[in-house]
$ cat my_file04.tsv   # TSV, C-alpha atoms
chain	number	residue	atom	x	y	z
S	63	VAL	CA	111.89	87.97	108.91
S	64	SER	CA	109.44	88.64	111.73
S	65	LEU	CA	112.21	89.91	113.96
S	66	ALA	CA	113.58	92.10	111.18
S	67	PHE	CA	110.25	93.90	110.84
S	68	GLY	CA	109.72	94.20	114.59
S	69	LEU	CA	113.25	95.33	115.41
S	70	THR	CA	113.21	97.86	112.56
S	71	VAL	CA	110.07	99.49	113.93
S	72	LEU	CA	111.38	99.31	117.50
S	73	THR	CA	114.62	101.12	116.59
S	74	ILE	CA	112.83	103.71	114.48
S	75	VAL	CA	110.37	104.46	117.28
S	76	TYR	CA	113.27	105.26	119.61
S	77	SER	CA	115.40	107.08	117.04
S	78	LEU	CA	112.79	109.09	115.10
S	79	GLY	CA	109.63	108.90	117.19
S	80	HIS	CA	110.35	112.25	118.84
S	81	ILE	CA	110.60	113.88	115.39
S	82	SER	CA	107.77	112.35	113.37
S	83	GLY	CA	105.96	109.92	115.62
S	84	ALA	CA	107.78	107.19	113.67
S	85	HIS	CA	104.82	106.68	111.36
S	86	LEU	CA	106.01	104.35	108.60
S	87	ASN	CA	102.53	103.13	107.84
S	88	PRO	CA	99.50	104.91	106.33
S	89	ALA	CA	97.15	102.63	108.28
S	90	VAL	CA	98.77	103.74	111.53
S	91	THR	CA	98.48	107.41	110.58
S	92	ILE	CA	94.82	107.03	109.63
S	93	GLY	CA	94.09	104.91	112.71
S	94	LEU	CA	95.66	107.54	114.95
S	95	TRP	CA	93.48	110.16	113.26
S	96	ALA	CA	90.37	108.00	113.85
S	97	GLY	CA	91.43	107.69	117.47
S	98	GLY	CA	91.67	111.47	117.84
S	99	ARG	CA	95.45	111.50	118.10
S	100	PHE	CA	96.46	112.91	114.71
S	101	SER	CA	95.43	115.94	112.69
S	102	ALA	CA	93.50	115.36	109.45
S	103	LYS	CA	95.53	118.05	107.66
S	104	GLU	CA	98.73	116.05	108.20
S	105	ILE	CA	97.45	112.74	106.81
S	106	LEU	CA	98.18	113.35	103.12
S	107	PRO	CA	101.80	114.55	103.54
S	108	TYR	CA	102.51	111.63	105.86
S	109	VAL	CA	100.95	109.05	103.52
S	110	ILE	CA	102.81	110.42	100.50
S	111	SER	CA	106.07	110.30	102.46
S	112	GLN	CA	105.35	106.78	103.71
S	113	ILE	CA	104.67	105.45	100.22
S	114	ALA	CA	107.71	107.22	98.76
S	115	GLY	CA	109.88	105.85	101.58
S	116	GLY	CA	108.51	102.36	101.02
S	117	ILE	CA	109.25	102.50	97.31
S	118	ALA	CA	112.77	103.82	97.97
S	119	ALA	CA	113.40	101.00	100.46
S	120	ALA	CA	112.05	98.43	98.01
S	121	ALA	CA	114.37	99.85	95.33
S	122	VAL	CA	117.34	99.30	97.63
S	123	LEU	CA	116.17	95.73	98.28
S	124	TYR	CA	115.65	95.18	94.56
S	125	ILE	CA	119.21	96.30	93.77
S	126	ILE	CA	120.59	93.99	96.44
S	127	ALA	CA	118.35	91.02	95.56
S	128	THR	CA	119.20	91.20	91.85
S	129	GLY	CA	122.87	92.04	92.42
S	130	ASN	CA	123.96	88.48	91.68
S	131	GLY	CA	121.83	88.12	88.55
S	132	SER	CA	118.88	86.55	90.39
S	133	GLU	CA	115.25	87.27	89.61
S	134	ILE	CA	113.16	88.83	92.38
S	135	GLY	CA	110.50	86.12	92.36
S	136	ASN	CA	107.49	87.25	94.37
S	137	PHE	CA	109.69	89.74	96.31
S	138	ALA	CA	107.67	88.92	99.45
S	139	ALA	CA	104.72	90.78	97.95
S	140	ASN	CA	101.43	90.36	99.73
S	141	GLY	CA	98.96	87.94	98.23
S	142	TYR	CA	96.06	85.57	98.69
S	143	GLY	CA	94.92	82.41	96.92
S	144	GLU	CA	97.73	81.01	94.81
S	145	HIS	CA	99.94	83.96	95.87
S	146	SER	CA	99.51	83.34	99.59
S	147	PRO	CA	102.52	81.52	101.08
S	148	GLY	CA	100.13	78.96	102.59
S	149	GLY	CA	97.49	79.07	99.85
S	150	TYR	CA	94.98	80.96	102.01
S	151	SER	CA	91.75	82.34	100.49
S	152	VAL	CA	90.79	85.96	99.99
S	153	VAL	CA	88.44	85.69	102.99
S	154	ALA	CA	91.25	84.39	105.21
S	155	ALA	CA	93.47	87.22	103.97
S	156	ILE	CA	90.80	89.83	104.74
S	157	VAL	CA	90.21	88.47	108.25
S	158	SER	CA	93.94	88.18	108.96
S	159	GLU	CA	94.82	91.68	107.76
S	160	LEU	CA	91.79	93.27	109.45
S	161	VAL	CA	92.39	91.63	112.83
S	162	MET	CA	96.18	92.04	112.79
S	163	THR	CA	95.96	95.74	111.90
S	164	PHE	CA	93.17	96.30	114.43
S	165	VAL	CA	95.27	94.73	117.22
S	166	PHE	CA	98.41	96.57	116.09
S	167	LEU	CA	96.63	99.93	116.29
S	168	LEU	CA	95.15	99.15	119.70
S	169	ILE	CA	98.65	98.38	120.94
S	170	ILE	CA	100.05	101.58	119.42
S	171	LEU	CA	97.26	103.71	120.86
S	172	GLY	CA	97.59	102.08	124.28
S	173	ALA	CA	101.40	102.14	124.41
S	174	THR	CA	101.54	105.81	123.39
S	175	ASP	CA	98.67	106.94	125.60
S	176	PRO	CA	99.66	109.70	128.04
S	177	LYS	CA	98.67	107.37	130.90
S	178	ALA	CA	100.87	104.49	129.65
S	179	PRO	CA	104.25	103.84	131.32
S	180	LYS	CA	106.83	106.15	129.76
S	181	GLY	CA	109.68	104.84	127.62
S	182	PHE	CA	108.20	101.45	126.71
S	183	ALA	CA	106.09	102.22	123.63
S	184	GLY	CA	108.83	101.20	121.21
S	185	LEU	CA	109.19	97.80	122.85
S	186	ALA	CA	105.46	97.14	122.85
S	187	ILE	CA	105.04	98.28	119.24
S	188	GLY	CA	108.11	96.47	117.89
S	189	LEU	CA	107.33	93.22	119.69
S	190	ALA	CA	103.69	93.43	118.59
S	191	LEU	CA	104.78	93.76	114.96
S	192	THR	CA	107.08	90.77	115.40
S	193	LEU	CA	104.18	88.67	116.72
S	194	ILE	CA	101.89	89.87	113.94
S	195	HIS	CA	104.43	88.74	111.34
S	196	LEU	CA	104.93	85.40	113.06
S	197	ILE	CA	101.19	84.81	112.84
S	198	SER	CA	100.35	86.18	109.42
S	199	ILE	CA	103.34	85.65	107.11
S	200	PRO	CA	101.95	82.23	106.13
S	201	VAL	CA	98.60	83.81	105.28
S	202	THR	CA	99.49	86.94	103.25
S	203	ASN	CA	103.21	87.61	103.73
S	204	THR	CA	101.88	90.18	106.25
S	205	SER	CA	100.91	93.63	105.19
S	206	VAL	CA	99.25	95.66	107.97
S	207	ASN	CA	101.03	98.49	106.12
S	208	PRO	CA	99.75	99.76	102.77
S	209	ALA	CA	103.08	101.52	102.03
S	210	ARG	CA	104.97	98.24	102.38
S	211	SER	CA	102.42	96.47	100.16
S	212	ILE	CA	102.49	99.16	97.49
S	213	SER	CA	106.28	99.23	97.40
S	214	GLN	CA	106.63	95.49	96.80
S	215	ALA	CA	103.77	95.37	94.29
S	216	VAL	CA	105.38	98.13	92.20
S	217	PHE	CA	108.40	95.89	91.62
S	218	VAL	CA	106.49	92.62	91.15
S	219	GLY	CA	103.72	94.08	88.98
S	220	ASP	CA	101.15	91.70	87.47
S	221	TRP	CA	99.31	89.68	90.14
S	222	ALA	CA	100.71	91.77	93.03
S	223	LEU	CA	99.15	94.92	91.60
S	224	SER	CA	95.83	93.18	90.95
S	225	GLN	CA	95.65	91.97	94.57
S	226	LEU	CA	96.95	95.22	96.07
S	227	TRP	CA	93.45	96.59	96.78
S	228	LEU	CA	93.08	94.20	99.73
S	229	PHE	CA	96.36	95.31	101.30
S	230	ILE	CA	95.38	98.97	101.10
S	231	VAL	CA	91.68	98.85	101.99
S	232	ILE	CA	91.66	96.21	104.73
S	233	PRO	CA	94.57	97.49	106.88
S	234	ILE	CA	93.09	101.00	106.73
S	235	ALA	CA	89.67	99.64	107.72
S	236	GLY	CA	91.19	97.72	110.65
S	237	ALA	CA	93.09	100.80	111.75
S	238	ILE	CA	90.03	103.05	111.60
S	239	LEU	CA	88.02	100.51	113.56
S	240	ALA	CA	90.74	100.31	116.23
S	241	GLY	CA	90.94	104.11	116.46
S	242	LEU	CA	87.19	104.37	116.94
S	243	VAL	CA	87.12	101.56	119.51
S	244	TYR	CA	90.01	103.09	121.45
S	245	LYS	CA	88.38	106.53	121.42
S	246	TYR	CA	85.13	104.96	122.66
S	247	LEU	CA	86.90	103.05	125.45
S	248	LYS	CA	88.79	106.18	126.55
S	249	ALA	CA	85.52	108.14	126.70
S	250	GLU	CA	83.99	105.64	129.15
$ encode --input "my_file04.tsv" --output "structure tokens"
Amino acid sequence: VSLAFGLTVLTIVYSLGHISGAHLNPAVTIGLWAGGRFSAKEILPYVISQIAGGIAAAAVLYIIATGNGSEIGNFAANGYGEHSPGGYSVVAAIVSELVMTFVFLLIILGATDPKAPKGFAGLAIGLALTLIHLISIPVTNTSVNPARSISQAVFVGDWALSQLWLFIVIPIAGAILAGLVYKYLKAE
């Protein structure tokens, strides 16, 4: 699962990065804005597209997952407490999502910096996302992406929608913090 997420982002960075920046994640878009690398006027269209794309992808997964008459179960929706794969608390979920998104954005900002080695951003970003998933799937099923969290919660409903606030607010907060830290470090 971790490799699937990482390799998906890696391939999209190389195939669509030159068109759209390969933003699949509202937290990334907002973090890039906080870091001075993205225009505020483009945030809303990107976020709407990211959420719509996430829901469309989840619909495809739903059709496949239920194609043999099976129920979707938790559909890998993000959760804490009794809905955390490892039974982790809300505080553990907040810390995990904040730190993982913060680190992810620092890696994205660093790998795509004009002074970074050219041609390697996709590898750094995709491998970073793989590591993030390896670390945090047991805690929350890994969000670091509000669009991914929204898309799964729409299909699960119930508890997933009631816990969704964390997987929207905390990744965005971690991304903004990373953008501000990166901008500060670059100014030094």
$ atom_distance --input "my_file04.tsv" --atom1 "atom CA of S:Asn136" --atom2 "atom CA of S:Ala222"
8.3 Å
$ closest_residue --input "my_file04.tsv" --among "S:Gly149, S:Gly97, S:Gly83, S:Gly68" --to "S:Leu171" --atoms "only C-alpha atoms"
S:Gly97
$ closest_residue --input "my_file04.tsv" --among "S:Leu168, S:Thr163, S:Thr174, S:Pro200" --to "S:Ala235" --atoms "only C-alpha atoms"
S:Thr163
$ closest_atom_pairs --input "my_file04.tsv" --of "stretch 71-137 of chain S" --to "stretch 185-196 of chain S" --cutoff "10 Å" --atoms "only C-alpha atoms" --output "Markdown table"
| residue | atom | partner | partner_atom | distance |
| --- | --- | --- | --- | --- |
| S:Val71 | CA | S:Gly188 | CA | 5.4 |
| S:Leu72 | CA | S:Gly188 | CA | 4.3 |
| S:Thr73 | CA | S:Gly188 | CA | 8.1 |
| S:Ile74 | CA | S:Gly188 | CA | 9.3 |
| S:Val75 | CA | S:Gly188 | CA | 8.3 |
| S:Tyr76 | CA | S:Leu185 | CA | 9.1 |
$ write_last_selection --input "my_file04.tsv" --atoms "C-alpha atoms" --output "PDB file, keeping the file's coordinate frame"
ATOM      1  CA  VAL S  71     110.070  99.490 113.930  1.00  0.00           C
ATOM      2  CA  LEU S  72     111.380  99.310 117.500  1.00  0.00           C
ATOM      3  CA  THR S  73     114.620 101.120 116.590  1.00  0.00           C
ATOM      4  CA  ILE S  74     112.830 103.710 114.480  1.00  0.00           C
ATOM      5  CA  VAL S  75     110.370 104.460 117.280  1.00  0.00           C
ATOM      6  CA  TYR S  76     113.270 105.260 119.610  1.00  0.00           C
TER       7      TYR S  76
END
$ closest_residue --input "my_file04.tsv" --among "S:Ser77, S:Asn207, S:Ser151, S:Thr70" --to "S:Thr91" --atoms "only C-alpha atoms"
S:Asn207
$ residues_around --input "my_file04.tsv" --residues "S:Gly116" --least-positions-apart "3" --cutoff "10 Å" --atoms "all atoms listed in the file" --output "mmCIF file with C-alpha atoms, in the frame of the given file"
data_model
loop_
_atom_site.group_PDB
_atom_site.id
_atom_site.type_symbol
_atom_site.label_atom_id
_atom_site.label_comp_id
_atom_site.auth_asym_id
_atom_site.auth_seq_id
_atom_site.Cartn_x
_atom_site.Cartn_y
_atom_site.Cartn_z
ATOM 1 C CA LEU S 86 106.010 104.350 108.600
ATOM 2 C CA ASN S 87 102.530 103.130 107.840
ATOM 3 C CA ILE S 110 102.810 110.420 100.500
ATOM 4 C CA SER S 111 106.070 110.300 102.460
ATOM 5 C CA GLN S 112 105.350 106.780 103.710
ATOM 6 C CA ILE S 113 104.670 105.450 100.220
ATOM 7 C CA ALA S 119 113.400 101.000 100.460
ATOM 8 C CA ALA S 120 112.050 98.430 98.010
ATOM 9 C CA ALA S 121 114.370 99.850 95.330
ATOM 10 C CA VAL S 122 117.340 99.300 97.630
ATOM 11 C CA ASN S 207 101.030 98.490 106.120
ATOM 12 C CA PRO S 208 99.750 99.760 102.770
ATOM 13 C CA ALA S 209 103.080 101.520 102.030
ATOM 14 C CA ARG S 210 104.970 98.240 102.380
ATOM 15 C CA SER S 211 102.420 96.470 100.160
ATOM 16 C CA ILE S 212 102.490 99.160 97.490
ATOM 17 C CA SER S 213 106.280 99.230 97.400
ATOM 18 C CA GLN S 214 106.630 95.490 96.800
#
$ axis_aligned_box --input "my_file04.tsv" --around "stretch 235-247 of chain S" --padding-each-side "5 Å" --output "AutoDock Vina command-line options"
--center_x 89.1 --center_y 102.1 --center_z 116.6 --size_x 18.0 --size_y 18.8 --size_z 27.7
$ residues_around --input "my_file04.tsv" --residues "S:Gly236" --least-positions-apart "5" --cutoff "7 Å" --atoms "all atoms listed in the file" --output "PyMOL selection string"
chain S and resi 160-161+163-164
$ atom_distance --input "my_file04.tsv" --atom1 "atom CA of S:Trp227" --atom2 "atom CA of S:Leu78"
29.4 Å
$ atom_distance --input "my_file04.tsv" --atom1 "atom CA of S:Ile105" --atom2 "atom CA of S:Pro88"
8.1 Å
$ closest_residue --input "my_file04.tsv" --among "S:Ser205, S:Ser132, S:Asn140, S:Ser146" --to "S:Val218" --atoms "only C-alpha atoms"
S:Asn140
$ closest_residue --input "my_file04.tsv" --among "S:Leu228, S:Ala178, S:Ala139, S:Val243" --to "S:Ala154" --atoms "all atoms listed in the file"
S:Leu228
$ closest_residue --input "my_file04.tsv" --among "S:Lys177, S:Arg99, S:Glu104, S:Phe166" --to "S:Pro233" --atoms "all atoms listed in the file"
S:Phe166
$ residues_around --input "my_file04.tsv" --residues "S:Val152" --least-positions-apart "2" --cutoff "9 Å" --atoms "all atoms listed in the file" --output "list in words"
Gly141, Tyr142, Gly143, Tyr150, Ala154, Ala155, Ile156, Val157 and Leu228 of chain S
$ decode --input "my_file04.tsv" --residues "stretch 117-129 of chain S" --atoms "all heavy atoms" --output "PDB file, in the first residue's frame"
ATOM      1  N   ILE S 117     -12.649  12.098  -5.289  1.00  0.00           N
ATOM      2  CA  ILE S 117     -13.947  11.422  -5.235  1.00  0.00           C
ATOM      3  C   ILE S 117     -14.135  10.516  -6.449  1.00  0.00           C
ATOM      4  O   ILE S 117     -14.633   9.394  -6.328  1.00  0.00           O
ATOM      5  CB  ILE S 117     -15.090  12.450  -5.081  1.00  0.00           C
ATOM      6  CG1 ILE S 117     -14.997  13.092  -3.688  1.00  0.00           C
ATOM      7  CG2 ILE S 117     -16.449  11.792  -5.297  1.00  0.00           C
ATOM      8  CD1 ILE S 117     -15.923  14.285  -3.488  1.00  0.00           C
ATOM      9  N   ALA S 118     -13.713  10.976  -7.614  1.00  0.00           N
ATOM     10  CA  ALA S 118     -13.808  10.140  -8.823  1.00  0.00           C
ATOM     11  C   ALA S 118     -12.952   8.875  -8.675  1.00  0.00           C
ATOM     12  O   ALA S 118     -13.397   7.771  -9.019  1.00  0.00           O
ATOM     13  CB  ALA S 118     -13.386  10.938 -10.055  1.00  0.00           C
ATOM     14  N   ALA S 119     -11.749   9.026  -8.148  1.00  0.00           N
ATOM     15  CA  ALA S 119     -10.878   7.862  -7.945  1.00  0.00           C
ATOM     16  C   ALA S 119     -11.479   6.909  -6.916  1.00  0.00           C
ATOM     17  O   ALA S 119     -11.440   5.682  -7.100  1.00  0.00           O
ATOM     18  CB  ALA S 119      -9.490   8.313  -7.504  1.00  0.00           C
ATOM     19  N   ALA S 120     -12.052   7.460  -5.844  1.00  0.00           N
ATOM     20  CA  ALA S 120     -12.686   6.615  -4.833  1.00  0.00           C
ATOM     21  C   ALA S 120     -13.898   5.887  -5.418  1.00  0.00           C
ATOM     22  O   ALA S 120     -14.169   4.736  -5.061  1.00  0.00           O
ATOM     23  CB  ALA S 120     -13.091   7.446  -3.623  1.00  0.00           C
ATOM     24  N   ALA S 121     -14.612   6.539  -6.335  1.00  0.00           N
ATOM     25  CA  ALA S 121     -15.753   5.882  -6.988  1.00  0.00           C
ATOM     26  C   ALA S 121     -15.285   4.678  -7.804  1.00  0.00           C
ATOM     27  O   ALA S 121     -15.924   3.617  -7.789  1.00  0.00           O
ATOM     28  CB  ALA S 121     -16.507   6.874  -7.866  1.00  0.00           C
ATOM     29  N   VAL S 122     -14.177   4.843  -8.509  1.00  0.00           N
ATOM     30  CA  VAL S 122     -13.618   3.724  -9.268  1.00  0.00           C
ATOM     31  C   VAL S 122     -13.249   2.581  -8.317  1.00  0.00           C
ATOM     32  O   VAL S 122     -13.581   1.413  -8.556  1.00  0.00           O
ATOM     33  CB  VAL S 122     -12.389   4.175 -10.095  1.00  0.00           C
ATOM     34  CG1 VAL S 122     -11.637   2.985 -10.674  1.00  0.00           C
ATOM     35  CG2 VAL S 122     -12.814   5.128 -11.200  1.00  0.00           C
ATOM     36  N   LEU S 123     -12.569   2.925  -7.217  1.00  0.00           N
ATOM     37  CA  LEU S 123     -12.204   1.902  -6.228  1.00  0.00           C
ATOM     38  C   LEU S 123     -13.436   1.240  -5.621  1.00  0.00           C
ATOM     39  O   LEU S 123     -13.452   0.028  -5.395  1.00  0.00           O
ATOM     40  CB  LEU S 123     -11.340   2.507  -5.122  1.00  0.00           C
ATOM     41  CG  LEU S 123      -9.935   2.920  -5.516  1.00  0.00           C
ATOM     42  CD1 LEU S 123      -9.248   3.636  -4.362  1.00  0.00           C
ATOM     43  CD2 LEU S 123      -9.121   1.720  -5.969  1.00  0.00           C
ATOM     44  N   TYR S 124     -14.464   2.027  -5.362  1.00  0.00           N
ATOM     45  CA  TYR S 124     -15.701   1.490  -4.806  1.00  0.00           C
ATOM     46  C   TYR S 124     -16.322   0.468  -5.756  1.00  0.00           C
ATOM     47  O   TYR S 124     -16.738  -0.617  -5.339  1.00  0.00           O
ATOM     48  CB  TYR S 124     -16.692   2.623  -4.527  1.00  0.00           C
ATOM     49  CG  TYR S 124     -18.011   2.128  -4.001  1.00  0.00           C
ATOM     50  CD1 TYR S 124     -18.175   1.841  -2.651  1.00  0.00           C
ATOM     51  CD2 TYR S 124     -19.095   1.923  -4.856  1.00  0.00           C
ATOM     52  CE1 TYR S 124     -19.384   1.370  -2.160  1.00  0.00           C
ATOM     53  CE2 TYR S 124     -20.303   1.451  -4.382  1.00  0.00           C
ATOM     54  CZ  TYR S 124     -20.444   1.181  -3.035  1.00  0.00           C
ATOM     55  OH  TYR S 124     -21.634   0.702  -2.558  1.00  0.00           O
ATOM     56  N   ILE S 125     -16.381   0.807  -7.031  1.00  0.00           N
ATOM     57  CA  ILE S 125     -16.950  -0.115  -8.029  1.00  0.00           C
ATOM     58  C   ILE S 125     -16.148  -1.413  -8.073  1.00  0.00           C
ATOM     59  O   ILE S 125     -16.715  -2.505  -8.103  1.00  0.00           O
ATOM     60  CB  ILE S 125     -17.019   0.558  -9.414  1.00  0.00           C
ATOM     61  CG1 ILE S 125     -18.062   1.679  -9.389  1.00  0.00           C
ATOM     62  CG2 ILE S 125     -17.329  -0.455 -10.514  1.00  0.00           C
ATOM     63  CD1 ILE S 125     -17.983   2.637 -10.572  1.00  0.00           C
ATOM     64  N   ILE S 126     -14.844  -1.297  -8.045  1.00  0.00           N
ATOM     65  CA  ILE S 126     -13.999  -2.494  -8.070  1.00  0.00           C
ATOM     66  C   ILE S 126     -14.169  -3.299  -6.783  1.00  0.00           C
ATOM     67  O   ILE S 126     -14.372  -4.512  -6.814  1.00  0.00           O
ATOM     68  CB  ILE S 126     -12.518  -2.116  -8.298  1.00  0.00           C
ATOM     69  CG1 ILE S 126     -12.342  -1.524  -9.700  1.00  0.00           C
ATOM     70  CG2 ILE S 126     -11.603  -3.321  -8.090  1.00  0.00           C
ATOM     71  CD1 ILE S 126     -11.010  -0.845  -9.935  1.00  0.00           C
ATOM     72  N   ALA S 127     -14.084  -2.608  -5.634  1.00  0.00           N
ATOM     73  CA  ALA S 127     -14.127  -3.294  -4.332  1.00  0.00           C
ATOM     74  C   ALA S 127     -15.452  -3.997  -4.088  1.00  0.00           C
ATOM     75  O   ALA S 127     -15.492  -5.029  -3.411  1.00  0.00           O
ATOM     76  CB  ALA S 127     -13.844  -2.307  -3.210  1.00  0.00           C
ATOM     77  N   THR S 128     -16.540  -3.464  -4.620  1.00  0.00           N
ATOM     78  CA  THR S 128     -17.848  -4.079  -4.403  1.00  0.00           C
ATOM     79  C   THR S 128     -18.283  -4.938  -5.593  1.00  0.00           C
ATOM     80  O   THR S 128     -19.395  -5.468  -5.592  1.00  0.00           O
ATOM     81  CB  THR S 128     -18.914  -3.000  -4.125  1.00  0.00           C
ATOM     82  OG1 THR S 128     -18.987  -2.111  -5.249  1.00  0.00           O
ATOM     83  CG2 THR S 128     -18.591  -2.227  -2.856  1.00  0.00           C
ATOM     84  N   GLY S 129     -17.402  -5.097  -6.564  1.00  0.00           N
ATOM     85  CA  GLY S 129     -17.725  -5.834  -7.781  1.00  0.00           C
ATOM     86  C   GLY S 129     -17.968  -7.312  -7.583  1.00  0.00           C
ATOM     87  O   GLY S 129     -18.511  -7.970  -8.466  1.00  0.00           O
TER      88      GLY S 129
END
